Amino acid sequence: MMILHHGWRSSASRRVRLCLAEKGLAYEGHVVDMAAMEHHSPEYLRINPLGVIPALIHDDRPLHESGTICEYLDEAFPAPPLRPDAPYERAEMRNWIRHIDGLIGNLIIFNWRHHLAKTASQWSDQELAEKLKNIPSKERQEAWLRAARKPYTEEERDAARAKLVVLLDKMEEALKPSGWLVGKAYSIADIAAAPFVKRIDEEIAPDEMTEKKHPRVAAWWTRLQARPAYAQANFGPFVDS
Ligand SMILES: N[C@@H](CCC(=O)N[C@@H](CS)C(=O)NCC(=O)O)C(=O)O
């Protein structure tokens, strides 16, 4: 049985859950408590040395990076295929994944101000310093510091939103021929974009997801959400009502 260490609201985890659901693969889910910094514990760092979620364990071997995990799953469990056959289109798919991965910092600016910032702002300076020491990357140390003490400004949020809207622009252009991002069929590129588009649609820039602004992306999103795997992957609402 595969084990997935994940978070319900984590976009990278949602990506892997969607891929597992598309493949019809059963797994045991372990929810990682990010507010408790469980992902920076020595036990978790042995599974994912980057100290982020998700991580997949298959045949007793751990694997990190959601894009890598999805490609691994497609190789280990080829049916149904989630990658194009042609090498050029496969390369295009990887570039989509790489581009989307590079945008995660812009999502963090919106995502962490909800649940995580609430908890982190209550830590004492000493508690905060202790927690920061366990975070493997400088970039994420900074993100936690910002969550705890220096909320992102409106200007920073506007800049992050603009970069995420550029993702929609790029998608709009790419969706022209087939209705999916790469080649003729749904692929891991679409799976990678889905959690980002979910957050853009529900909070970050819903006005950009209209028929008027990004008609192909809007239609793509409707099509993607209609897939049975989407419901199984349980993206849920990000912010509790
Ligand atoms: N490139 C990584 C990004 C993983 C990532 O940033 N995960 C976030 C949740 S979506 C996380 O663990 N954040 C907690 C932290 O940085 O402390 C992947 O795709 O797996």
# chains A, B, ... in the order shown; residues from 1 in each chain; ligands from 1
call {"tool": "closest_atom_pairs", "arguments": {"of": "segment 32-94 of chain A", "to": "segment 165-186 of chain A", "cutoff": "10 Å", "atoms": "only C-alpha atoms", "output": "Markdown table"}}
result
| residue | atom | partner | partner_atom | distance |
| --- | --- | --- | --- | --- |
| A:Pro81 | CA | A:Tyr186 | CA | 9.1 |
| A:Leu82 | CA | A:Tyr186 | CA | 6.7 |
| A:Arg83 | CA | A:Tyr186 | CA | 8.0 |
| A:Pro84 | CA | A:Gly183 | CA | 6.6 |
| A:Asp85 | CA | A:Gly183 | CA | 9.1 |
| A:Ala86 | CA | A:Gly183 | CA | 8.6 |
| A:Tyr88 | CA | A:Gly183 | CA | 9.4 |
| A:Glu89 | CA | A:Gly183 | CA | 6.1 |
| A:Arg90 | CA | A:Val182 | CA | 8.1 |
| A:Ala91 | CA | A:Val182 | CA | 9.6 |
| A:Glu92 | CA | A:Val182 | CA | 6.8 |
| A:Met93 | CA | A:Val182 | CA | 6.1 |
| A:Arg94 | CA | A:Val182 | CA | 9.9 |
call {"tool": "residues_around", "arguments": {"residues": "segment 11-20 of chain A", "least_positions_apart": "5", "cutoff": "8 Å", "atoms": "only C-alpha atoms", "output": "count of residues only"}}
result
21
call {"tool": "closest_residue", "arguments": {"among": "A:Ser10, A:Gln225, A:Ser187, A:Ser41", "to": "Lys133 of chain A", "atoms": "only C-alpha atoms"}}
result
A:Ser41
call {"tool": "residues_near_ligand", "arguments": {"ligand": "ligand 1", "cutoff": "8 Å", "atoms": "only C-alpha atoms and all ligand atoms", "output": "number ranges by chain"}}
result
A: 7, 9-13, 34, 37, 39-40, 51-55, 64-67, 101-102, 104-105, 108, 135, 140-141, 143-144
call {"tool": "write_last_selection", "arguments": {"atoms": "N, CA and C atoms", "output": "compact mmCIF listing (two decimals), in the first residue's frame"}}
result
# COMPACT_ATOMS: atom_id res chain seq x y z
N GLY A 7 -1.40 17.40 2.82
CA GLY A 7 -2.29 18.33 3.54
C GLY A 7 -3.50 18.58 2.67
N ARG A 9 -5.25 21.24 2.25
CA ARG A 9 -5.27 22.53 1.54
C ARG A 9 -4.01 22.76 0.72
N SER A 10 -3.04 21.88 0.82
CA SER A 10 -1.77 22.07 0.11
C SER A 10 -1.95 21.81 -1.39
N SER A 11 -1.54 22.79 -2.19
CA SER A 11 -1.73 22.66 -3.65
C SER A 11 -0.90 21.53 -4.24
N ALA A 12 0.33 21.39 -3.73
CA ALA A 12 1.19 20.31 -4.25
C ALA A 12 0.61 18.94 -3.86
N SER A 13 0.00 18.86 -2.68
CA SER A 13 -0.64 17.60 -2.25
C SER A 13 -1.88 17.33 -3.09
N MET A 34 0.84 21.17 9.30
CA MET A 34 1.84 22.22 8.98
C MET A 34 1.92 23.27 10.08
N MET A 37 4.24 22.36 12.51
CA MET A 37 5.57 22.19 11.91
C MET A 37 6.01 20.72 11.88
N HIS A 39 6.18 18.89 9.45
CA HIS A 39 6.99 18.62 8.25
C HIS A 39 8.45 19.05 8.42
N HIS A 40 8.77 19.65 9.57
CA HIS A 40 10.17 19.97 9.85
C HIS A 40 10.74 19.07 10.94
N GLY A 51 11.56 19.29 3.54
CA GLY A 51 10.67 19.78 4.60
C GLY A 51 9.39 20.40 4.07
N VAL A 52 8.86 19.83 2.98
CA VAL A 52 7.58 20.30 2.45
C VAL A 52 6.70 19.09 2.17
N ILE A 53 5.42 19.34 1.98
CA ILE A 53 4.53 18.25 1.59
C ILE A 53 4.11 18.47 0.13
N PRO A 54 3.82 17.39 -0.59
CA PRO A 54 3.63 16.01 -0.15
C PRO A 54 4.91 15.18 -0.24
N ALA A 55 4.79 13.95 0.28
CA ALA A 55 5.80 12.91 0.03
C ALA A 55 5.04 11.60 -0.13
N HIS A 64 9.82 12.67 -3.13
CA HIS A 64 9.24 14.00 -2.95
C HIS A 64 9.17 14.74 -4.28
N GLU A 65 8.63 15.94 -4.25
CA GLU A 65 8.33 16.80 -5.41
C GLU A 65 7.10 16.27 -6.13
N SER A 66 6.03 17.04 -6.04
CA SER A 66 4.75 16.57 -6.61
C SER A 66 4.84 16.27 -8.11
N GLY A 67 5.61 17.08 -8.86
CA GLY A 67 5.73 16.83 -10.30
C GLY A 67 6.43 15.51 -10.56
N ASP A 101 5.41 25.09 -10.88
CA ASP A 101 6.17 24.94 -9.62
C ASP A 101 6.82 26.26 -9.22
N GLY A 102 7.31 26.99 -10.21
CA GLY A 102 7.99 28.26 -9.92
C GLY A 102 7.06 29.34 -9.41
N ILE A 104 4.81 28.85 -6.96
CA ILE A 104 4.25 28.48 -5.65
C ILE A 104 4.37 29.61 -4.62
N GLY A 105 5.45 30.38 -4.70
CA GLY A 105 5.64 31.49 -3.75
C GLY A 105 4.49 32.50 -3.84
N ILE A 108 1.61 31.05 -1.90
CA ILE A 108 1.86 31.09 -0.46
C ILE A 108 1.46 32.46 0.12
N ILE A 135 13.84 24.73 9.63
CA ILE A 135 13.35 24.80 8.24
C ILE A 135 14.53 24.72 7.28
N ARG A 140 11.81 29.40 2.64
CA ARG A 140 10.66 29.07 3.48
C ARG A 140 10.82 29.61 4.90
N GLN A 141 12.05 29.77 5.36
CA GLN A 141 12.25 30.44 6.66
C GLN A 141 11.65 31.84 6.57
N ALA A 143 9.35 32.85 4.49
CA ALA A 143 7.89 32.77 4.36
C ALA A 143 7.23 32.60 5.74
N TRP A 144 7.84 31.78 6.59
CA TRP A 144 7.27 31.58 7.94
C TRP A 144 7.43 32.84 8.79
call {"tool": "residues_around", "arguments": {"residues": "Arg61 of chain A", "least_positions_apart": "5", "cutoff": "12 Å", "atoms": "only C-alpha atoms", "output": "NGL selection string"}}
result
:A and (1-4 or 46-48 or 55-56 or 69)
call {"tool": "atom_distance", "arguments": {"atom1": "atom CA of Lys23 of chain A", "atom2": "atom CA of Ile97 of chain A"}}
result
18.5 Å
call {"tool": "select_by_dssp", "arguments": {"residues": "segment 4-234 of chain A", "states": "strand (DSSP E)", "output": "ChimeraX atom specification"}}
result
/A:4-6,27-31,55-58,61-64
call {"tool": "closest_residue", "arguments": {"among": "A:Ala79, A:Ile57, A:Leu164, A:Val31", "to": "Ile100 of chain A", "atoms": "only C-alpha atoms"}}
result
A:Leu164
call {"tool": "atom_distance", "arguments": {"atom1": "atom CA of Arg199 of chain A", "atom2": "atom CA of Trp221 of chain A"}}
result
11.9 Å
call {"tool": "closest_residue", "arguments": {"among": "A:Glu43, A:Lys131, A:Val217, A:Glu202", "to": "Asp190 of chain A", "atoms": "only C-alpha atoms"}}
result
A:Val217
